[in-house]
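J.: Okay, here's the structure, questions in a sec.
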Amino acid sequence: MQRSQQPSFFDFTLDEMRKILFEKFQKKFRADQIFDWIYKKFEFNPANMHNISLADRTTLAEMFDFSVFKPTLVKESQDGTKKILFTLADKKQIETVFMPSNDRWTVCVSSQAGCGMGCKFCKTATMGFQRNLSTSEIIQQVLRVILDFKRPDNIVFMGMGEPLANYDNVVKAIQILVHQKALNFSWRSITVSTVGLEPKIRLFFEEKVPAQLAISLNASNQQVRSFLMPVSNKFSFEKIIETVKNLPLRRRQKIFIEYVLIDEMNADDIHLNELIEALKVVRERIKINLIPFNEFAESEFRRPSLKIINRWHKKLKENRFISTVRWSKGVDILGGCGQLATKRI
Ligand code: SAH
């Protein structure tokens with residue numbers, strides 16, 4: 001793969017592009033025209049942008065890299081899920097998952113190569129942190145899925161990495177995803193999932209970033225949480241609940257609380273009762289997603305029995321919490337939550 005000298009076109013929001021191209025061409029609509037070719041018509045070759053003068057087309061091709069990376073490998077699951085491996089210009093590798101659910105398709109994008117959060121139950125953590133992805137590398141994951149498969153209904157930042165640790169690039173990608181003249185997704189169809197970087201969560205709301213938020217809570221108290229998720233030593237269980245209590249939600253908005261159920265670790269009745277007690281104060285503000293643990297070779301953790309999973313679901317409901325059990329897709333190809341990792345090549 002060749003390393004491009006020019007900046008990628010997909011690194012820029014429409015506002016940024018308007019400024020850059022106005023300075024270059026002194027024409028007001030250049031950026032809007034090119035956004036239309038790229039994000040509406042999926043025409044990536046400036047030579048074919050026939051409503052732009054030939055001279056400007058040549059200049060554009062010199063200014064930006066318009067290429068969308070191609071998969072190194074695509075694995076298909078029995079359930080229709082596709083796990084796509086990309087090799088980046090510096091040889092780092094990331095994965096993107098595209099999965100169906102009752103006719104709706106969700107793309108799960110990575111925000112970092114590897115991850116530095118060190119959660120004990122997550123395979124991506126075993127890679128360690130390699131680097132942040134650029135805005136363009138996030139947008140290209142979505143573009144590649146659109147080009148090779150179809151337009152997704154939902155976009156979730158639940159692949160490799162901690163999105164709020166790559167805040168600026170992720171927020172810029174979201175701006176491109178939601179802009180009417182770019183990919184035009186609704187804020188409700190985009191979800192950013194975080195381990196709970198509290199100051200960044202508050203910033204995310206202060207800045208009214210157009211996306212939903214999911215917090216991976218994964219425990220019913222600080223002790224278990226800090227054992228499973230070292231980040232909890234910095235931003236505690238109590239702090240997370242307090243933050244959720246105070247976030248300025250939009251109309252009908254809920255915060256998603258993710259809870260990975262791990263046998264004999266956080267899935268006993270004591271934990272269930274403790275969680276109900278702890279979350280009572282934010283009951284109306286949240287939706288709880290129970291994620292049965294996905295096993296992988298290096299992990300000693302196990303998934304609890306179906307009986308336990310159903311008990312959690314039922315008891316939360318009885319206590320008037322909105323909750324769903326999220327069975328991961330693509331576990332047979334290690335495409336489920338917490339199963340993404342690439343070997344160093
Ligand atoms: N770093 C962010 C984004 C990744 S989302 C975050 O943690 O929220 C990945 C989700 O999968 C998180 O909710 C995480 O708790 C969950 N997860 C991690 N390992 C898992 C595993 N082995 N089985 C099931 N879910 C897992």
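Ordered as shown in the structure tokens, chains take letters A, B, and onward, while each chain numbers its residues from 1 and ligands are numbered from 1 in the order shown.
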Neighbours of ligand 1 within 6 Å, counting only C-alpha atoms and all ligand atoms, as a list in words?

T.: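 Taking only C-alpha atoms and all ligand atoms into account, the residues around ligand 1 at most 6 Å away are Phe121, Cys122, Met158, Gly159, Gly161, Glu162, Ser193, Thr194, Val195, Ile215, Ser216, Glu258, Val260, Ile291, Pro292, Phe293, Asn294, Glu295, Cys337, Gly338 and Gln339 of chain A.
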
J.: Take the residues from that selection and put them in a file with N, CA and C atoms, as an mmCIF file, in the first residue's frame.

T.:
```cif
data_model
loop_
_atom_site.group_PDB
_atom_site.id
_atom_site.type_symbol
_atom_site.label_atom_id
_atom_site.label_comp_id
_atom_site.auth_asym_id
_atom_site.auth_seq_id
_atom_site.Cartn_x
_atom_site.Cartn_y
_atom_site.Cartn_z
ATOM 1 N N PHE A 121 -11.616 -8.084 30.523
ATOM 2 C CA PHE A 121 -12.470 -9.057 29.827
ATOM 3 C C PHE A 121 -12.495 -8.825 28.324
ATOM 4 N N CYS A 122 -11.681 -7.881 27.829
ATOM 5 C CA CYS A 122 -11.790 -7.474 26.429
ATOM 6 C C CYS A 122 -10.540 -7.869 25.648
ATOM 7 N N MET A 158 -18.170 1.160 18.548
ATOM 8 C CA MET A 158 -17.983 0.080 19.518
ATOM 9 C C MET A 158 -16.968 -0.936 19.023
ATOM 10 N N GLY A 159 -16.179 -0.543 18.030
ATOM 11 C CA GLY A 159 -15.125 -1.435 17.552
ATOM 12 C C GLY A 159 -13.910 -1.281 18.445
ATOM 13 N N GLY A 161 -10.872 0.294 20.375
ATOM 14 C CA GLY A 161 -10.472 1.604 20.866
ATOM 15 C C GLY A 161 -11.488 2.289 21.747
ATOM 16 N N GLU A 162 -11.036 3.349 22.402
ATOM 17 C CA GLU A 162 -11.889 4.159 23.268
ATOM 18 C C GLU A 162 -12.165 5.477 22.535
ATOM 19 N N SER A 193 -19.717 4.722 22.304
ATOM 20 C CA SER A 193 -19.638 3.958 23.545
ATOM 21 C C SER A 193 -18.317 4.254 24.250
ATOM 22 N N THR A 194 -18.408 4.494 25.556
ATOM 23 C CA THR A 194 -17.194 4.856 26.310
ATOM 24 C C THR A 194 -17.045 4.032 27.580
ATOM 25 N N VAL A 195 -15.801 3.866 27.999
ATOM 26 C CA VAL A 195 -15.519 3.219 29.285
ATOM 27 C C VAL A 195 -15.863 4.150 30.449
ATOM 28 N N ILE A 215 -22.508 4.029 27.937
ATOM 29 C CA ILE A 215 -21.424 3.915 28.920
ATOM 30 C C ILE A 215 -21.289 2.443 29.322
ATOM 31 N N SER A 216 -20.076 1.923 29.210
ATOM 32 C CA SER A 216 -19.834 0.537 29.607
ATOM 33 C C SER A 216 -19.620 0.501 31.114
ATOM 34 N N GLU A 258 -24.207 -0.141 29.309
ATOM 35 C CA GLU A 258 -23.828 -1.482 28.868
ATOM 36 C C GLU A 258 -23.336 -2.263 30.087
ATOM 37 N N VAL A 260 -21.742 -6.021 30.654
ATOM 38 C CA VAL A 260 -21.302 -7.341 30.187
ATOM 39 C C VAL A 260 -21.455 -8.321 31.340
ATOM 40 N N ILE A 291 -25.103 -7.504 28.019
ATOM 41 C CA ILE A 291 -24.328 -8.191 26.976
ATOM 42 C C ILE A 291 -23.747 -9.472 27.552
ATOM 43 N N PRO A 292 -24.278 -10.632 27.168
ATOM 44 C CA PRO A 292 -23.675 -11.884 27.642
ATOM 45 C C PRO A 292 -22.212 -11.939 27.193
ATOM 46 N N PHE A 293 -21.322 -12.229 28.115
ATOM 47 C CA PHE A 293 -19.884 -12.241 27.826
ATOM 48 C C PHE A 293 -19.561 -13.133 26.624
ATOM 49 N N ASN A 294 -18.757 -12.619 25.732
ATOM 50 C CA ASN A 294 -18.284 -13.409 24.593
ATOM 51 C C ASN A 294 -16.923 -13.986 24.935
ATOM 52 N N GLU A 295 -16.841 -15.310 24.883
ATOM 53 C CA GLU A 295 -15.596 -15.962 25.282
ATOM 54 C C GLU A 295 -14.562 -15.905 24.160
ATOM 55 N N CYS A 337 -18.819 -8.260 20.480
ATOM 56 C CA CYS A 337 -18.290 -7.255 21.404
ATOM 57 C C CYS A 337 -17.092 -7.832 22.135
ATOM 58 N N GLY A 338 -16.026 -7.078 22.176
ATOM 59 C CA GLY A 338 -14.869 -7.473 22.971
ATOM 60 C C GLY A 338 -14.027 -8.573 22.359
ATOM 61 N N GLN A 339 -14.319 -8.930 21.110
ATOM 62 C CA GLN A 339 -13.549 -10.022 20.485
ATOM 63 C C GLN A 339 -12.609 -9.538 19.395
#
```

J.: List every residue of segment 87-324 of chain A that DSSP, applied to the backbone of this structure, places in alpha helix (DSSP H), and write the result as an MDAnalysis selection string.

T.: chainID A and resid 135:148 167:178 198:206 222:228 237:246 269:279 306:318

J.: Using only C-alpha atoms, which residues sit within 9 Å of Thr96 of chain A once same-chain residues fewer than 5 positions away are excluded, as a VMD selection string?

T.: chain A and resid 82 to 86 107 to 110 141 to 142 145 159 to 160 335 340

J.: Find, counting only C-alpha atoms, the residue in A:Lys120, A:Arg104, A:Lys40, A:Lys91 that gets nearest to Pro230 of chain A.

T.: A:Lys120

J.: Between atom CA of Ser53 of chain A and atom CA of Lys172 of chain A, measure the distance and give it in Å to one decimal.

T.: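 These two atoms are separated by 29.2 Å.
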
J.: Find the distance between atom CA of Lys315 of chain A and atom CA of Arg252 of chain A and write it in Å to one decimal.

T.: 23.7 Å

J.: Residues of segment 206-312 of chain A classed as strand (DSSP E) by DSSP on the backbone are to be reported as a list in words.

T.: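 Filtering segment 206-312 of chain A to strand (DSSP E) leaves Gln212, Leu213, Ala214, Ile215, Ser216, Ile255, Phe256, Ile257, Glu258, Tyr259, Val260, Leu261, Ile286, Lys287, Ile288, Asn289, Leu290, Ile291 and Pro292 of chain A.
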
J.: Output C-alpha atoms for every residue in that selection, as a tab-separated table (two decimals), in the first residue's frame.

T.:
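After the write, out-v5.tsv holds the following:
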```tsv
chain	number	residue	atom	x	y	z
A	212	GLN	CA	-26.18	8.94	21.36
A	213	LEU	CA	-23.98	7.92	24.27
A	214	ALA	CA	-23.42	4.48	25.74
A	215	ILE	CA	-21.42	3.91	28.92
A	216	SER	CA	-19.83	0.54	29.61
A	255	ILE	CA	-28.17	7.05	27.98
A	256	PHE	CA	-27.36	3.44	27.19
A	257	ILE	CA	-25.76	1.57	30.06
A	258	GLU	CA	-23.83	-1.48	28.87
A	259	TYR	CA	-23.36	-4.35	31.29
A	260	VAL	CA	-21.30	-7.34	30.19
A	261	LEU	CA	-22.49	-10.33	32.21
A	286	ILE	CA	-31.19	5.17	31.00
A	287	LYS	CA	-31.67	2.05	28.96
A	288	ILE	CA	-29.71	-0.99	30.11
A	289	ASN	CA	-28.12	-3.30	27.56
A	290	LEU	CA	-27.12	-6.65	29.03
A	291	ILE	CA	-24.33	-8.19	26.98
A	292	PRO	CA	-23.68	-11.88	27.64
```

J.: Show which residues sit within 9 Å of Arg57 of chain A, as a list in words. Count only C-alpha atoms, and ignore same-chain residues fewer than 6 positions away.

T.: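 Here the qualifying residues turn out to be Pro46, Ala47, Asn48, Met49 and His50 of chain A.
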
J.: Would you output that residue set with N, CA and C atoms, as a tab-separated table (two decimals), in the first residue's frame?

T.:
```tsv
chain	number	residue	atom	x	y	z
A	46	PRO	N	-11.83	12.84	-9.23
A	46	PRO	CA	-12.08	14.24	-9.63
A	46	PRO	C	-12.23	14.39	-11.14
A	47	ALA	N	-11.54	13.55	-11.90
A	47	ALA	CA	-11.61	13.65	-13.37
A	47	ALA	C	-13.04	13.51	-13.87
A	48	ASN	N	-13.88	12.81	-13.11
A	48	ASN	CA	-15.27	12.59	-13.56
A	48	ASN	C	-16.26	13.63	-13.03
A	49	MET	N	-15.78	14.60	-12.29
A	49	MET	CA	-16.70	15.59	-11.69
A	49	MET	C	-16.98	16.67	-12.73
A	50	HIS	N	-17.93	16.39	-13.63
A	50	HIS	CA	-18.02	17.17	-14.87
A	50	HIS	C	-18.60	18.57	-14.72
```

J.: From the list A:Pro248, A:Pro199, A:Pro304, A:Gly116, which residue is nearest Ile262 of chain A when using only C-alpha atoms?

T.: A:Pro304

J.: Check the smallest atom-to-atom distance from each of A:Ser8, A:Thr324, A:Ser232, A:Asn266 to Phe301 of chain A using only C-alpha atoms, then report the winner.

T.: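 For Phe301 of chain A, the nearest of the candidates is A:Asn266.
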
J.: Each residue of segment 126-224 of chain A lying at most 9 Å from segment 68-74 of chain A should get a row with its shortest atom-to-atom pair and the distance in Å to one decimal, counting only C-alpha atoms; could you produce that, ordered by chain and increasing number, as a Markdown table?

T.:
```
| residue | atom | partner | partner_atom | distance |
| --- | --- | --- | --- | --- |
| A:Glu137 | CA | A:Phe69 | CA | 8.4 |
| A:Gln140 | CA | A:Val68 | CA | 5.7 |
| A:Gln141 | CA | A:Phe69 | CA | 8.0 |
| A:Leu143 | CA | A:Val68 | CA | 7.3 |
| A:Arg144 | CA | A:Val68 | CA | 6.7 |
```

J.: What does the file look like for those residues with N, CA and C atoms, as a CSV table (one decimal), in the first residue's frame?

T.:
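Result saved to part_31.csv:
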```csv
chain,number,residue,atom,x,y,z
A,137,GLU,N,-9.8,8.0,8.5
A,137,GLU,CA,-9.8,6.5,8.7
A,137,GLU,C,-11.1,6.0,9.3
A,140,GLN,N,-13.6,6.4,6.2
A,140,GLN,CA,-13.4,5.4,5.2
A,140,GLN,C,-14.0,4.0,5.6
A,141,GLN,N,-14.0,3.7,6.9
A,141,GLN,CA,-14.7,2.5,7.3
A,141,GLN,C,-16.1,2.4,6.9
A,143,LEU,N,-17.5,4.4,4.5
A,143,LEU,CA,-17.6,4.5,3.0
A,143,LEU,C,-17.4,3.1,2.4
A,144,ARG,N,-16.4,2.4,2.9
A,144,ARG,CA,-16.1,1.1,2.4
A,144,ARG,C,-17.3,0.1,2.5
```

J.: Which neighbours of Arg18 of chain A fall inside 9 Å, counting only C-alpha atoms, when residues of the same chain fewer than 2 positions from it are skipped, and could you give them as a PDB file with C-alpha atoms, in the first residue's frame?

T.:
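What ended up in out-v9.pdb:
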```
ATOM      1  CA  THR A  13     -15.823  18.824   7.373  1.00  0.00           C
ATOM      2  CA  LEU A  14     -17.821  20.834   4.847  1.00  0.00           C
ATOM      3  CA  ASP A  15     -17.068  24.078   6.686  1.00  0.00           C
ATOM      4  CA  GLU A  16     -13.342  23.366   6.604  1.00  0.00           C
ATOM      5  CA  ILE A  20      -9.809  25.746   1.936  1.00  0.00           C
ATOM      6  CA  LEU A  21     -11.377  25.644  -1.505  1.00  0.00           C
ATOM      7  CA  PHE A  22     -12.577  29.236  -1.493  1.00  0.00           C
ATOM      8  CA  GLU A  23      -9.026  30.359  -0.865  1.00  0.00           C
ATOM      9  CA  LYS A  28     -18.245  29.772  -3.541  1.00  0.00           C
ATOM     10  CA  PHE A  29     -19.769  26.403  -4.347  1.00  0.00           C
ATOM     11  CA  ARG A  30     -16.723  24.265  -5.072  1.00  0.00           C
ATOM     12  CA  ALA A  31     -16.730  22.504  -1.719  1.00  0.00           C
ATOM     13  CA  ASP A  32     -20.483  21.847  -1.854  1.00  0.00           C
TER      14      ASP A  32
END
```

J.: From the set A:Val178, A:Ile201, A:Leu183, A:Ala173, which residue has the shortest atom-to-atom contact distance to Phe235 of chain A, counting only C-alpha atoms?

T.: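 Among the listed residues, A:Ile201 lies closest to Phe235 of chain A.
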